[in-house]
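Reproduced below: target-v3.tsv, with TSV, C-alpha atoms and all ligand atoms.
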chain	number	residue	atom	x	y	z
A	122	MET	CA	6.27	-20.61	-41.13
A	123	ARG	CA	9.98	-21.49	-40.92
A	124	ASN	CA	11.27	-18.61	-43.09
A	125	ALA	CA	9.76	-15.79	-41.02
A	126	ASN	CA	9.87	-14.69	-37.40
A	127	ARG	CA	6.37	-13.68	-36.23
A	128	ARG	CA	6.54	-11.05	-33.50
A	129	VAL	CA	4.14	-9.25	-31.16
A	130	THR	CA	5.49	-5.78	-30.40
A	131	LEU	CA	4.52	-3.00	-27.99
A	132	ALA	CA	2.32	-0.46	-29.80
A	133	ALA	CA	1.01	1.75	-26.97
A	134	ARG	CA	1.59	1.92	-23.21
A	135	PRO	CA	-1.45	0.70	-21.22
A	136	ASP	CA	-3.71	2.84	-19.09
A	137	GLY	CA	-5.28	0.20	-16.84
A	138	ILE	CA	-5.47	-3.46	-17.82
A	139	PRO	CA	-3.22	-4.27	-20.83
A	140	GLY	CA	-4.67	-6.05	-23.84
A	141	PRO	CA	-4.69	-6.36	-27.65
A	142	ALA	CA	-4.95	-2.56	-28.17
A	143	ASN	CA	-1.46	-2.17	-26.68
A	144	PHE	CA	0.28	-4.52	-29.12
A	145	ALA	CA	0.85	-5.05	-32.86
A	146	GLU	CA	1.92	-8.05	-34.94
A	147	ASP	CA	4.56	-8.18	-37.67
A	148	THR	CA	6.86	-10.65	-39.40
A	149	GLN	CA	10.59	-10.25	-39.92
A	150	PRO	CA	13.11	-12.37	-41.80
A	151	ILE	CA	14.69	-14.98	-39.53
A	152	ARG	CA	18.14	-13.88	-38.37
A	153	PRO	CA	20.68	-16.69	-38.86
A	154	PRO	CA	22.70	-17.39	-35.71
A	155	ALA	CA	26.13	-15.76	-35.37
A	156	GLU	CA	28.96	-17.45	-33.44
A	157	GLY	CA	27.69	-18.16	-29.88
A	158	GLU	CA	24.02	-17.95	-30.91
A	159	MET	CA	21.21	-20.35	-31.80
A	160	LEU	CA	18.01	-20.14	-33.80
A	161	VAL	CA	15.03	-21.54	-31.89
A	162	GLU	CA	11.33	-22.20	-32.40
A	163	THR	CA	9.27	-20.98	-29.45
A	164	LEU	CA	6.97	-23.63	-27.95
A	165	TYR	CA	5.56	-21.91	-24.85
A	166	LEU	CA	5.66	-18.39	-23.37
A	167	SER	CA	5.28	-17.57	-19.70
A	168	ILE	CA	2.79	-14.74	-19.05
A	169	ASP	CA	3.63	-12.82	-15.87
A	170	PRO	CA	2.15	-9.88	-13.94
A	171	ALA	CA	5.56	-8.11	-13.95
A	172	MET	CA	5.13	-7.55	-17.70
A	173	ARG	CA	2.62	-4.82	-16.86
A	174	SER	CA	5.41	-2.80	-15.22
A	175	TRP	CA	7.87	-3.39	-18.09
A	176	ILE	CA	5.50	-1.66	-20.54
A	177	SER	CA	4.45	1.20	-18.20
A	178	GLU	CA	5.56	4.82	-17.98
A	179	GLY	CA	6.34	4.53	-14.27
A	180	PRO	CA	9.40	3.10	-12.51
A	181	THR	CA	10.21	-0.59	-12.94
A	182	TYR	CA	12.88	-2.89	-11.48
A	183	THR	CA	14.28	-3.68	-14.91
A	184	ARG	CA	14.77	-2.13	-18.36
A	185	ARG	CA	11.54	-0.75	-19.83
A	186	ILE	CA	10.30	-2.07	-23.20
A	187	GLU	CA	10.22	0.60	-25.89
A	188	ILE	CA	7.39	1.14	-28.39
A	189	GLY	CA	8.02	-1.06	-31.43
A	190	ASP	CA	10.13	-3.60	-29.53
A	191	PRO	CA	9.00	-7.24	-29.29
A	192	MET	CA	7.46	-7.94	-25.90
A	193	ARG	CA	10.03	-9.45	-23.52
A	194	ALA	CA	9.10	-12.87	-22.11
A	195	GLY	CA	10.61	-16.06	-20.82
A	196	GLY	CA	9.84	-19.04	-23.03
A	197	VAL	CA	10.55	-22.69	-23.72
A	198	ALA	CA	11.86	-23.39	-27.23
A	199	ARG	CA	13.32	-26.06	-29.52
A	200	VAL	CA	16.78	-25.45	-31.01
A	201	LEU	CA	16.69	-25.44	-34.84
A	202	GLU	CA	20.27	-24.37	-35.63
A	203	SER	CA	23.13	-23.84	-33.21
A	204	ARG	CA	26.47	-22.09	-33.27
A	205	ALA	CA	26.49	-21.99	-29.45
A	206	ALA	CA	28.68	-24.44	-27.57
A	207	GLY	CA	26.70	-27.14	-25.76
A	208	PHE	CA	23.47	-26.77	-27.76
A	209	GLN	CA	22.32	-29.11	-30.57
A	210	PRO	CA	19.35	-28.96	-32.92
A	211	GLY	CA	16.43	-30.66	-31.17
A	212	ASP	CA	17.46	-29.55	-27.65
A	213	ILE	CA	14.67	-28.03	-25.55
A	214	VAL	CA	15.83	-24.83	-23.87
A	215	GLN	CA	14.45	-21.97	-21.82
A	216	GLY	CA	15.45	-18.38	-22.30
A	217	ARG	CA	14.27	-14.90	-23.18
A	218	THR	CA	12.44	-15.73	-26.39
A	219	GLY	CA	10.15	-12.72	-26.17
A	220	TRP	CA	6.82	-12.80	-28.00
A	221	GLN	CA	8.43	-14.19	-31.17
A	222	SER	CA	8.00	-17.46	-33.08
A	223	HIS	CA	11.63	-17.88	-34.26
A	224	PRO	CA	14.03	-15.74	-32.21
A	225	THR	CA	17.81	-15.99	-32.32
A	226	LEU	CA	19.18	-16.36	-28.78
A	227	ARG	CA	22.64	-16.05	-27.27
A	228	GLY	CA	23.82	-19.38	-25.89
A	229	ARG	CA	24.89	-17.84	-22.58
A	230	GLU	CA	21.35	-16.53	-22.03
A	231	ALA	CA	19.66	-19.91	-22.57
A	232	GLN	CA	19.52	-23.04	-20.46
A	233	LYS	CA	19.00	-26.59	-21.70
A	234	LEU	CA	16.10	-28.19	-19.81
A	235	ASP	CA	17.15	-31.16	-17.70
A	236	LEU	CA	14.27	-33.46	-18.64
A	237	SER	CA	15.43	-36.00	-16.05
A	238	LEU	CA	14.07	-33.59	-13.41
A	239	GLY	CA	10.64	-33.24	-15.04
A	240	SER	CA	8.71	-32.87	-18.29
A	241	VAL	CA	8.41	-29.68	-20.35
A	242	ALA	CA	5.07	-29.08	-18.57
A	243	ASP	CA	6.87	-29.45	-15.22
A	244	TRP	CA	9.48	-26.90	-16.32
A	245	LEU	CA	6.66	-24.45	-17.08
A	246	GLY	CA	4.93	-25.26	-13.81
A	247	PRO	CA	6.34	-26.79	-10.61
A	248	LEU	CA	10.00	-26.40	-11.71
A	249	GLY	CA	9.44	-22.98	-13.31
A	250	THR	CA	9.99	-19.43	-12.12
A	251	SER	CA	6.65	-19.24	-10.27
A	252	ALA	CA	7.62	-22.28	-8.23
A	253	LEU	CA	11.07	-20.84	-7.49
A	254	THR	CA	9.36	-17.62	-6.38
A	255	ALA	CA	7.17	-19.49	-3.90
A	256	TYR	CA	10.14	-21.54	-2.66
A	257	PHE	CA	12.51	-18.64	-1.95
A	258	GLY	CA	9.74	-16.34	-0.76
A	259	LEU	CA	8.59	-18.79	1.88
A	260	ARG	CA	11.97	-20.21	2.88
A	261	ASP	CA	14.19	-17.13	2.83
A	262	VAL	CA	11.89	-14.15	3.24
A	263	GLY	CA	9.07	-15.77	5.22
A	264	ASP	CA	11.26	-18.02	7.38
A	265	LEU	CA	8.41	-20.56	7.28
A	266	ARG	CA	8.48	-23.10	10.14
A	267	PRO	CA	6.53	-26.33	10.76
A	268	GLY	CA	3.32	-25.62	12.65
A	269	ASP	CA	3.02	-22.06	11.30
A	270	THR	CA	-0.30	-20.72	10.08
A	271	LEU	CA	0.36	-19.64	6.49
A	272	LEU	CA	-2.01	-17.33	4.61
A	273	VAL	CA	-1.54	-17.18	0.80
A	274	SER	CA	-3.23	-14.74	-1.60
A	275	THR	CA	-3.85	-15.49	-5.32
A	276	ALA	CA	-3.83	-19.07	-4.03
A	277	ALA	CA	-5.15	-20.53	-7.31
A	278	GLY	CA	-2.51	-18.75	-9.42
A	279	GLY	CA	0.96	-19.73	-10.59
A	280	VAL	CA	2.94	-18.68	-7.51
A	281	GLY	CA	0.09	-19.11	-5.04
A	282	GLN	CA	-0.61	-22.76	-5.87
A	283	ILE	CA	2.96	-23.72	-5.17
A	284	ALA	CA	3.12	-21.62	-2.00
A	285	CYS	CA	0.04	-23.45	-0.64
A	286	GLN	CA	1.54	-26.86	-1.41
A	287	ILE	CA	4.97	-26.03	0.05
A	288	GLY	CA	3.17	-24.90	3.20
A	289	LYS	CA	1.39	-28.26	3.46
A	290	ILE	CA	4.60	-30.21	2.76
A	291	ASP	CA	6.37	-28.19	5.48
A	292	GLY	CA	3.72	-29.09	8.06
A	293	CYS	CA	1.88	-25.77	8.23
A	294	ARG	CA	-1.79	-24.92	8.49
A	295	VAL	CA	-2.52	-23.28	5.12
A	296	ILE	CA	-5.31	-20.83	4.30
A	297	GLY	CA	-5.73	-19.77	0.69
A	298	ILE	CA	-7.45	-16.63	-0.61
A	299	ALA	CA	-8.81	-16.67	-4.17
A	300	GLY	CA	-11.58	-15.04	-6.19
A	301	GLY	CA	-14.79	-16.92	-7.06
A	302	PRO	CA	-16.39	-20.30	-6.30
A	303	ASP	CA	-14.41	-22.28	-8.91
A	304	LYS	CA	-11.06	-21.17	-7.48
A	305	PHE	CA	-12.39	-21.76	-3.94
A	306	ARG	CA	-13.18	-25.36	-4.92
A	307	PHE	CA	-9.85	-25.80	-6.72
A	308	ILE	CA	-7.71	-24.73	-3.78
A	309	THR	CA	-9.79	-26.74	-1.32
A	310	GLU	CA	-10.26	-29.97	-3.27
A	311	THR	CA	-7.14	-30.12	-5.47
A	312	LEU	CA	-4.53	-28.26	-3.42
A	313	GLY	CA	-5.90	-29.47	-0.08
A	314	VAL	CA	-5.64	-26.20	1.84
A	315	ASP	CA	-7.00	-26.33	5.38
A	316	ALA	CA	-9.36	-23.40	4.79
A	317	ALA	CA	-10.19	-21.17	1.84
A	318	ILE	CA	-11.56	-17.65	1.50
A	319	ASP	CA	-13.38	-16.43	-1.62
A	320	TYR	CA	-12.53	-12.75	-1.17
A	321	LYS	CA	-15.07	-11.71	-3.82
A	322	ALA	CA	-17.88	-13.14	-1.69
A	323	GLU	CA	-16.67	-11.58	1.59
A	324	PRO	CA	-17.95	-8.11	2.48
A	325	ASP	CA	-15.41	-7.91	5.36
A	326	LEU	CA	-12.12	-9.62	4.51
A	327	THR	CA	-10.55	-8.80	7.89
A	328	ALA	CA	-13.38	-10.68	9.61
A	329	ALA	CA	-13.17	-13.55	7.11
A	330	ILE	CA	-9.44	-14.03	7.81
A	331	LYS	CA	-10.16	-13.87	11.56
A	332	ARG	CA	-12.74	-16.66	11.21
A	333	ALA	CA	-10.31	-18.82	9.19
A	334	CYS	CA	-7.32	-18.05	11.47
A	335	PRO	CA	-8.74	-17.50	14.97
A	336	ASP	CA	-5.25	-17.69	16.54
A	337	GLY	CA	-3.72	-15.33	13.97
A	338	VAL	CA	-1.36	-15.68	10.99
A	339	ASP	CA	2.38	-16.43	11.30
A	340	VAL	CA	3.29	-15.90	7.63
A	341	TYR	CA	1.31	-13.97	5.02
A	342	PHE	CA	2.53	-14.62	1.45
A	343	ASP	CA	1.30	-11.42	-0.20
A	344	ASN	CA	0.74	-11.42	-3.96
A	345	VAL	CA	-1.92	-8.70	-3.94
A	346	GLY	CA	-1.04	-5.66	-1.76
A	347	GLY	CA	-3.73	-2.96	-1.24
A	348	PRO	CA	-6.72	-3.59	1.02
A	349	MET	CA	-5.99	-7.35	1.18
A	350	LEU	CA	-2.61	-6.60	2.77
A	351	ASP	CA	-4.36	-4.35	5.29
A	352	ALA	CA	-6.80	-7.16	6.17
A	353	ALA	CA	-3.90	-9.58	6.66
A	354	LEU	CA	-1.91	-7.07	8.76
A	355	ALA	CA	-4.83	-6.83	11.17
A	356	ASN	CA	-4.70	-10.61	11.70
A	357	MET	CA	-0.96	-11.19	12.15
A	358	ARG	CA	0.42	-12.81	15.30
A	359	THR	CA	3.30	-11.40	17.32
A	360	GLY	CA	6.50	-12.23	15.43
A	361	GLY	CA	4.58	-12.64	12.15
A	362	ARG	CA	6.33	-12.37	8.78
A	363	ILE	CA	4.91	-10.81	5.63
A	364	VAL	CA	6.42	-11.86	2.30
A	365	CYS	CA	5.89	-8.98	-0.15
A	366	CYS	CA	6.00	-11.04	-3.34
A	367	GLY	CA	3.73	-8.92	-5.53
A	368	ARG	CA	0.92	-6.36	-5.45
A	369	ILE	CA	-1.25	-7.21	-8.39
A	370	SER	CA	-4.21	-5.19	-7.08
A	371	GLN	CA	-2.11	-2.05	-7.55
A	372	ALA	CA	-0.51	-2.88	-10.92
A	373	ALA	CA	-3.25	-1.38	-13.06
A	374	ALA	CA	-4.82	0.85	-10.36
A	375	LYS	CA	-5.29	4.54	-11.21
A	376	GLU	CA	-4.93	5.65	-7.56
A	377	PRO	CA	-2.41	3.82	-5.35
A	378	TYR	CA	-3.90	2.46	-2.12
A	379	GLY	CA	-2.18	3.69	1.04
A	380	ILE	CA	-1.69	0.88	3.57
A	381	ARG	CA	-3.50	1.80	6.82
A	382	ASN	CA	-2.51	-0.96	9.24
A	383	LEU	CA	1.29	-0.59	9.04
A	384	GLY	CA	1.16	0.76	12.61
A	385	MET	CA	0.51	-2.81	13.81
A	386	MET	CA	4.00	-3.89	12.74
A	387	GLY	CA	5.83	-2.47	15.77
A	388	GLY	CA	3.52	-3.62	18.55
A	389	ARG	CA	3.44	-7.15	17.18
A	390	ARG	CA	7.19	-7.23	16.27
A	391	MET	CA	6.43	-8.21	12.72
A	392	ARG	CA	8.84	-8.39	9.80
A	393	MET	CA	8.02	-7.52	6.22
A	394	GLY	CA	10.43	-8.40	3.41
A	395	SER	CA	10.45	-8.25	-0.35
A	396	PHE	CA	12.52	-9.99	-3.03
A	397	ILE	CA	12.89	-10.59	-6.76
A	398	VAL	CA	13.28	-14.26	-7.60
A	399	PHE	CA	16.18	-13.59	-10.00
A	400	ASP	CA	18.27	-12.54	-6.96
A	401	TYR	CA	18.40	-16.23	-6.08
A	402	ASN	CA	19.56	-17.62	-9.44
A	403	SER	CA	22.74	-19.10	-7.97
A	404	ARG	CA	20.49	-21.26	-5.76
A	405	TYR	CA	18.03	-22.43	-8.45
A	406	PRO	CA	19.63	-25.93	-8.58
A	407	GLU	CA	19.00	-26.40	-4.84
A	408	ALA	CA	15.37	-25.32	-5.22
A	409	ARG	CA	14.78	-27.41	-8.35
A	410	ALA	CA	16.26	-30.54	-6.74
A	411	TRP	CA	13.82	-30.14	-3.83
A	412	LEU	CA	10.84	-29.32	-6.09
A	413	ALA	CA	11.63	-32.29	-8.39
A	414	ALA	CA	11.76	-34.63	-5.37
A	415	GLN	CA	8.31	-33.37	-4.30
A	416	ILE	CA	6.91	-33.93	-7.82
A	417	ARG	CA	8.33	-37.48	-7.87
A	418	ALA	CA	6.79	-38.17	-4.47
A	419	GLY	CA	3.38	-36.99	-5.75
A	420	ARG	CA	3.25	-34.11	-3.27
A	421	LEU	CA	3.55	-31.21	-5.72
A	422	GLN	CA	1.65	-30.39	-8.89
A	423	GLN	CA	0.75	-27.30	-10.84
A	424	LYS	CA	-2.30	-26.60	-12.93
A	425	LEU	CA	-1.29	-24.77	-16.11
A	426	HIS	CA	-3.73	-22.43	-17.83
A	427	VAL	CA	-2.82	-22.74	-21.52
A	428	VAL	CA	-3.89	-20.14	-24.10
A	429	GLU	CA	-3.25	-21.21	-27.71
A	430	GLY	CA	-1.51	-19.00	-30.27
A	431	LEU	CA	1.20	-16.32	-30.23
A	432	GLU	CA	-1.35	-13.75	-31.38
A	433	GLN	CA	-3.36	-14.43	-28.18
A	434	ALA	CA	-0.50	-13.34	-25.89
A	435	PRO	CA	-1.86	-9.76	-25.43
A	436	ARG	CA	-5.30	-11.10	-24.45
A	437	ALA	CA	-3.65	-13.59	-22.10
A	438	LEU	CA	-1.71	-10.82	-20.35
A	439	GLY	CA	-4.97	-9.03	-19.52
A	440	MET	CA	-6.40	-12.24	-17.98
A	441	LEU	CA	-3.97	-11.96	-15.05
A	442	PHE	CA	-5.57	-8.67	-14.02
A	443	THR	CA	-9.19	-9.76	-14.45
A	444	GLY	CA	-8.59	-13.08	-12.68
A	445	GLU	CA	-9.66	-15.16	-15.72
A	446	ASN	CA	-6.68	-17.51	-15.31
A	447	THR	CA	-6.69	-20.47	-12.96
A	448	GLY	CA	-3.14	-21.69	-12.63
A	449	LYS	CA	0.18	-20.76	-14.14
A	450	LEU	CA	-0.65	-18.86	-17.34
A	451	VAL	CA	1.25	-19.84	-20.49
A	452	VAL	CA	0.76	-19.29	-24.22
A	453	LYS	CA	1.33	-22.29	-26.48
A	454	VAL	CA	3.03	-21.13	-29.68
A	455	ALA	CA	3.96	-24.45	-31.34
A	456	GLU	CA	3.94	-28.23	-30.68
A	501	LIG	N1	8.85	-11.24	-6.40
A	501	LIG	C1	9.04	-11.95	-7.49
A	501	LIG	O1	10.17	-12.22	-7.91
A	501	LIG	C2	7.84	-12.44	-8.25
A	501	LIG	C3	8.00	-13.39	-9.29
A	501	LIG	C4	6.84	-13.86	-9.94
A	501	LIG	C5	5.59	-13.37	-9.57
A	501	LIG	N2	5.49	-12.44	-8.57
A	501	LIG	C6	4.20	-11.93	-8.13
A	501	LIG	O2	3.40	-13.04	-7.75
A	501	LIG	C7	2.02	-12.70	-7.90
A	501	LIG	C8	1.32	-13.83	-8.63
A	501	LIG	O3	1.87	-13.96	-9.94
A	501	LIG	P1	1.42	-15.17	-10.88
A	501	LIG	O4	2.27	-15.13	-12.09
A	501	LIG	O5	1.36	-16.41	-10.08
A	501	LIG	O6	-0.05	-14.73	-11.29
A	501	LIG	P2	-1.40	-15.52	-11.00
A	501	LIG	O7	-1.60	-15.56	-9.52
A	501	LIG	O8	-1.38	-16.80	-11.75
A	501	LIG	O9	-2.47	-14.57	-11.69
A	501	LIG	C9	-2.79	-13.34	-11.14
A	501	LIG	C10	-4.02	-13.47	-10.20
A	501	LIG	O10	-4.09	-12.28	-9.44
A	501	LIG	C11	-5.41	-12.15	-8.94
A	501	LIG	N3	-5.82	-10.74	-9.00
A	501	LIG	C12	-5.81	-9.92	-10.09
A	501	LIG	N4	-6.24	-8.69	-9.75
A	501	LIG	C13	-6.52	-8.74	-8.41
A	501	LIG	C14	-7.02	-7.80	-7.45
A	501	LIG	N5	-7.32	-6.54	-7.81
A	501	LIG	N6	-7.18	-8.21	-6.18
A	501	LIG	C15	-6.89	-9.47	-5.81
A	501	LIG	N7	-6.43	-10.42	-6.65
A	501	LIG	C16	-6.24	-10.05	-7.94
A	501	LIG	C17	-6.30	-13.05	-9.83
A	501	LIG	O11	-6.70	-14.14	-9.04
A	501	LIG	P3	-8.14	-14.12	-8.28
A	501	LIG	O12	-9.13	-14.56	-9.32
A	501	LIG	O13	-7.95	-15.07	-7.18
A	501	LIG	O14	-8.39	-12.70	-7.88
A	501	LIG	C18	-5.35	-13.53	-10.92
A	501	LIG	O15	-5.66	-14.81	-11.37
A	501	LIG	C19	1.99	-11.37	-8.65
A	501	LIG	O16	1.78	-10.33	-7.71
A	501	LIG	C20	3.38	-11.25	-9.23
A	501	LIG	O17	3.78	-9.92	-9.45
A	501	LIG	C21	6.59	-11.98	-7.90
Taking this structure as input, can you express it in the form of structure tokens?
Ligand SMILES: NC(=O)c1ccc[n+]([C@@H]2O[C@H](COP(=O)([O-])OP(=O)(O)OC[C@H]3O[C@@H](n4cnc5c(N)ncnc54)[C@H](OP(=O)(O)O)[C@@H]3O)[C@@H](O)[C@H]2O)c1
Amino acid sequence: MRNANRRVTLAARPDGIPGPANFAEDTQPIRPPAEGEMLVETLYLSIDPAMRSWISEGPTYTRRIEIGDPMRAGGVARVLESRAAGFQPGDIVQGRTGWQSHPTLRGREAQKLDLSLGSVADWLGPLGTSALTAYFGLRDVGDLRPGDTLLVSTAAGGVGQIACQIGKIDGCRVIGIAGGPDKFRFITETLGVDAAIDYKAEPDLTAAIKRACPDGVDVYFDNVGGPMLDAALANMRTGGRIVCCGRISQAAAKEPYGIRNLGMMGGRRMRMGSFIVFDYNSRYPEARAWLAAQIRAGRLQQKLHVVEGLEQAPRALGMLFTGENTGKLVVKVAE
């Protein structure tokens, strides 16, 4: 509906896994673009674990979303009208569309997609923010080196898939951890990891990692935190690096899990580092040039998990915390 902006707004802060009960839908008149702005039609929305923290009571690394506000989200959109320099109707852009069908964006907050680097699907996947996260996490925080043993958690997810493939491209031995037999098969057969662990089928994860990495782990790319981080810590080699990318097991947890094996850091001279991908935005062109070259060479791919319909965005957000998604999770809003 071109004359209305459909929105999904925050209705109640979540207690546990977020879902439809935390959001409401409304429609607003479309706001015509002012000087420097453009009216867009949202095509795809990225659904990300960090959204859980933006709608929580507790501390977050960025501005909290207030009740009644449209949910914040990165999206890919088509320009309908433009009063922003450098943007024409028909351009495909990415920017902070939020959970809205027809938002009005500031030109300086949007970026035209360079479709010579990859398709729209590539910009959602192996050129998107998840891929940049894996790239900078491994390269800058993890100091990944050829020959390293790399352990990746949420290996079938958006960030994890790319981390596994970068590890293989860089000449590492890669072990992926994922939940359930389908994800086990996906990371083994499609991503080509050297060994996989279905953590849901393992009564003792520390022992399972030991079996898969008998000589220890050089780099653990941690997307999960909690007991999985403890199991990895127990298997790190001297000089090992832990990339604290995310801690999804703790995002909706009622009681935070206290890490028990931190004491192993000193004896084994380990390093643990964290980062937010946006810190690297001045280096996105470098990362995207490398990622695009890998896509062209057939070495890098990303499975997208597409949920159809703006109104399904709240349900999609919950899927990240139940593990229902396989691949980078996006909501398709329009063709
Ligand atoms: N530092 C940064 O700048 C940055 C940027 C983007 C993302 N991240 C982080 O990267 C991680 C992955 O994000 P993503 O967007 O790629 O999501 P994703 O991996 O595509 O989806 C989340 C996955 O987490 C797993 N999971 C959920 N609850 C879990 C639990 N209790 N224990 C173990 N695994 C659990 C599920 O996979 P299984 O079925 O395998 O359990 C689920 O599919 C998140 O921690 C996110 O916060 C960090």
For atom CA of Phe399 of chain A and atom CA of Arg184 of chain A, quote the distance in Å rounded to one decimal.
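Answer for the atom CA of Phe399 of chain A to atom CA of Arg184 of chain A separation: 14.3 Å.
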What is the distance between atom CA of Gln371 of chain A and atom N2 of ligand LIG 501 (chain A), in Å to one decimal?
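A separation of 12.9 Å between them.
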Identify which of the residues A:Thr254, A:Gln422, A:Asn402, A:Gln215 lies closest to ligand LIG 501 (chain A), counting only C-alpha atoms and all ligand atoms when measuring atom-to-atom distances.
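Using only C-alpha atoms and all ligand atoms, the shortest distance to ligand LIG 501 (chain A) belongs to A:Thr254.
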Between A:Leu238, A:Met385, A:Leu354, A:Val398, which is the closest to ligand LIG 501 (chain A) once you count all atoms listed in the file?
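With all atoms listed in the file as the atom set, the closest residue is A:Val398.
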Option closest in space to ligand LIG 501 (chain A), from A:Leu431, A:Ile308, A:Ala171, A:Ala353 [counting only C-alpha atoms and all ligand atoms]:
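Of A:Leu431, A:Ile308, A:Ala171, A:Ala353, the one nearest ligand LIG 501 (chain A) is A:Ala171, counting only C-alpha atoms and all ligand atoms.
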Pick the closest to Gly301 of chain A from A:Arg217, A:Lys289, A:Arg229, A:Lys321: which is it, counting only C-alpha atoms?
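Under the stated criterion, the closest residue is A:Lys321.
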Which neighbours of Glu407 of chain A fall inside 12 Å, counting all atoms listed in the file, when residues of the same chain fewer than 5 positions from it are skipped, and could you give them as a PyMOL selection string?
chain A and resi 248+253+256-257+401-402+412-414
Smallest atom-to-atom distance to ligand LIG 501 (chain A): which of A:Ser222, A:Ser237, A:Gln232, A:Thr181, using all atoms listed in the file?
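Among the listed residues, A:Thr181 lies closest to ligand LIG 501 (chain A).
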Residues at most 7 Å from Gly430 of chain A, counting all atoms listed in the file, excluding those fewer than 4 positions away in the same chain, as number ranges by chain?
A: 452-454
Record the distance separating atom CA of Ala317 of chain A and atom CA of Phe305 of chain A, expressed in Å with one decimal.
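Atom CA of Phe305 of chain A lies at a distance of 6.2 Å from atom CA of Ala317 of chain A.
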Spatial neighbours of Gly346 of chain A, max dist 8 Å, only C-alpha atoms, sep filter under 3 positions, as a list in words
Asp343, Met349, Leu350, Asp351, Cys365, Gly367, Arg368, Ile369, Ser370 and Gln371 of chain A
With distances taken over all atoms listed in the file, which residue among A:Pro406, A:Pro267, A:Gly278, A:Gly360 lies nearest ligand LIG 501 (chain A)?
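Among A:Pro406, A:Pro267, A:Gly278, A:Gly360, it is A:Gly278 that comes nearest to ligand LIG 501 (chain A).
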Neighbour list for Lys304 of chain A as a PyMOL selection string, cut-off 10 Å, all atoms listed in the file, skip fewer than 5 positions in-chain:
chain A and resi 275-278+297-299+309-311+317-319+444+446-448
Got a sec to check which residues sit within 12 Å of (12.8, -18.9, 2.1), counting all atoms listed in the file, and write them as a VMD selection string?
chain A and resid 253 to 266 284 287 to 288 291 340 342 362 to 364 366 394 to 396 398 401 404 407 to 408
Determine, for each residue of segment 336-452 of chain A having at least one atom at most 8 Å from an atom of segment 322-331 of chain A, the closest pair of atoms and their separation in Å to one decimal, counting all atoms listed in the file; order by chain and ascending number, as a tab-separated table.
residue	atom	partner	partner_atom	distance
A:Asp336	CA	A:Lys331	CA	8.0
A:Gly337	CA	A:Lys331	CA	7.0
A:Met349	CA	A:Leu326	CA	7.3
A:Ala352	CA	A:Thr327	CA	4.4
A:Ala353	CA	A:Thr327	CA	6.8
A:Ala355	CA	A:Thr327	CA	6.9
A:Asn356	CA	A:Lys331	CA	6.4
Please provide the set of residues having any atom within 8 Å of Ile186 of chain A, restricted to only C-alpha atoms, with same-chain residues fewer than 4 positions apart removed, written as an mmCIF file with C-alpha atoms, in the frame of the given file.
data_model
loop_
_atom_site.group_PDB
_atom_site.id
_atom_site.type_symbol
_atom_site.label_atom_id
_atom_site.label_comp_id
_atom_site.auth_asym_id
_atom_site.auth_seq_id
_atom_site.Cartn_x
_atom_site.Cartn_y
_atom_site.Cartn_z
ATOM 1 C CA LEU A 131 4.520 -3.000 -27.990
ATOM 2 C CA TRP A 175 7.870 -3.390 -18.090
ATOM 3 C CA ILE A 176 5.500 -1.660 -20.540
ATOM 4 C CA ASP A 190 10.130 -3.600 -29.530
ATOM 5 C CA MET A 192 7.460 -7.940 -25.900
ATOM 6 C CA ARG A 193 10.030 -9.450 -23.520
#
Would you mind completing segment 440-448 of chain A so that it carries N, CA and C atoms, and writing it out as a PDB file, in the coordinates of the input?
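Generated file (result01.pdb):
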ATOM      1  N   MET A 440      -5.679 -11.274 -18.836  1.00  0.00           N
ATOM      2  CA  MET A 440      -6.400 -12.240 -17.980  1.00  0.00           C
ATOM      3  C   MET A 440      -5.854 -12.263 -16.550  1.00  0.00           C
ATOM      4  N   LEU A 441      -4.556 -11.953 -16.402  1.00  0.00           N
ATOM      5  CA  LEU A 441      -3.970 -11.960 -15.050  1.00  0.00           C
ATOM      6  C   LEU A 441      -4.619 -10.901 -14.166  1.00  0.00           C
ATOM      7  N   PHE A 442      -5.057  -9.811 -14.788  1.00  0.00           N
ATOM      8  CA  PHE A 442      -5.570  -8.670 -14.020  1.00  0.00           C
ATOM      9  C   PHE A 442      -7.088  -8.698 -13.861  1.00  0.00           C
ATOM     10  N   THR A 443      -7.743  -9.579 -14.642  1.00  0.00           N
ATOM     11  CA  THR A 443      -9.190  -9.760 -14.450  1.00  0.00           C
ATOM     12  C   THR A 443      -9.466 -11.037 -13.669  1.00  0.00           C
ATOM     13  N   GLY A 444      -8.420 -11.834 -13.433  1.00  0.00           N
ATOM     14  CA  GLY A 444      -8.590 -13.080 -12.680  1.00  0.00           C
ATOM     15  C   GLY A 444      -9.167 -14.211 -13.531  1.00  0.00           C
ATOM     16  N   GLU A 445      -9.108 -14.098 -14.869  1.00  0.00           N
ATOM     17  CA  GLU A 445      -9.660 -15.160 -15.720  1.00  0.00           C
ATOM     18  C   GLU A 445      -8.802 -16.421 -15.720  1.00  0.00           C
ATOM     19  N   ASN A 446      -7.538 -16.314 -15.310  1.00  0.00           N
ATOM     20  CA  ASN A 446      -6.680 -17.510 -15.310  1.00  0.00           C
ATOM     21  C   ASN A 446      -6.841 -18.278 -14.008  1.00  0.00           C
ATOM     22  N   THR A 447      -6.827 -19.613 -14.144  1.00  0.00           N
ATOM     23  CA  THR A 447      -6.690 -20.470 -12.960  1.00  0.00           C
ATOM     24  C   THR A 447      -5.433 -21.275 -13.194  1.00  0.00           C
ATOM     25  N   GLY A 448      -4.399 -20.974 -12.466  1.00  0.00           N
ATOM     26  CA  GLY A 448      -3.140 -21.690 -12.630  1.00  0.00           C
ATOM     27  C   GLY A 448      -2.120 -20.855 -13.352  1.00  0.00           C
TER      28      GLY A 448
END
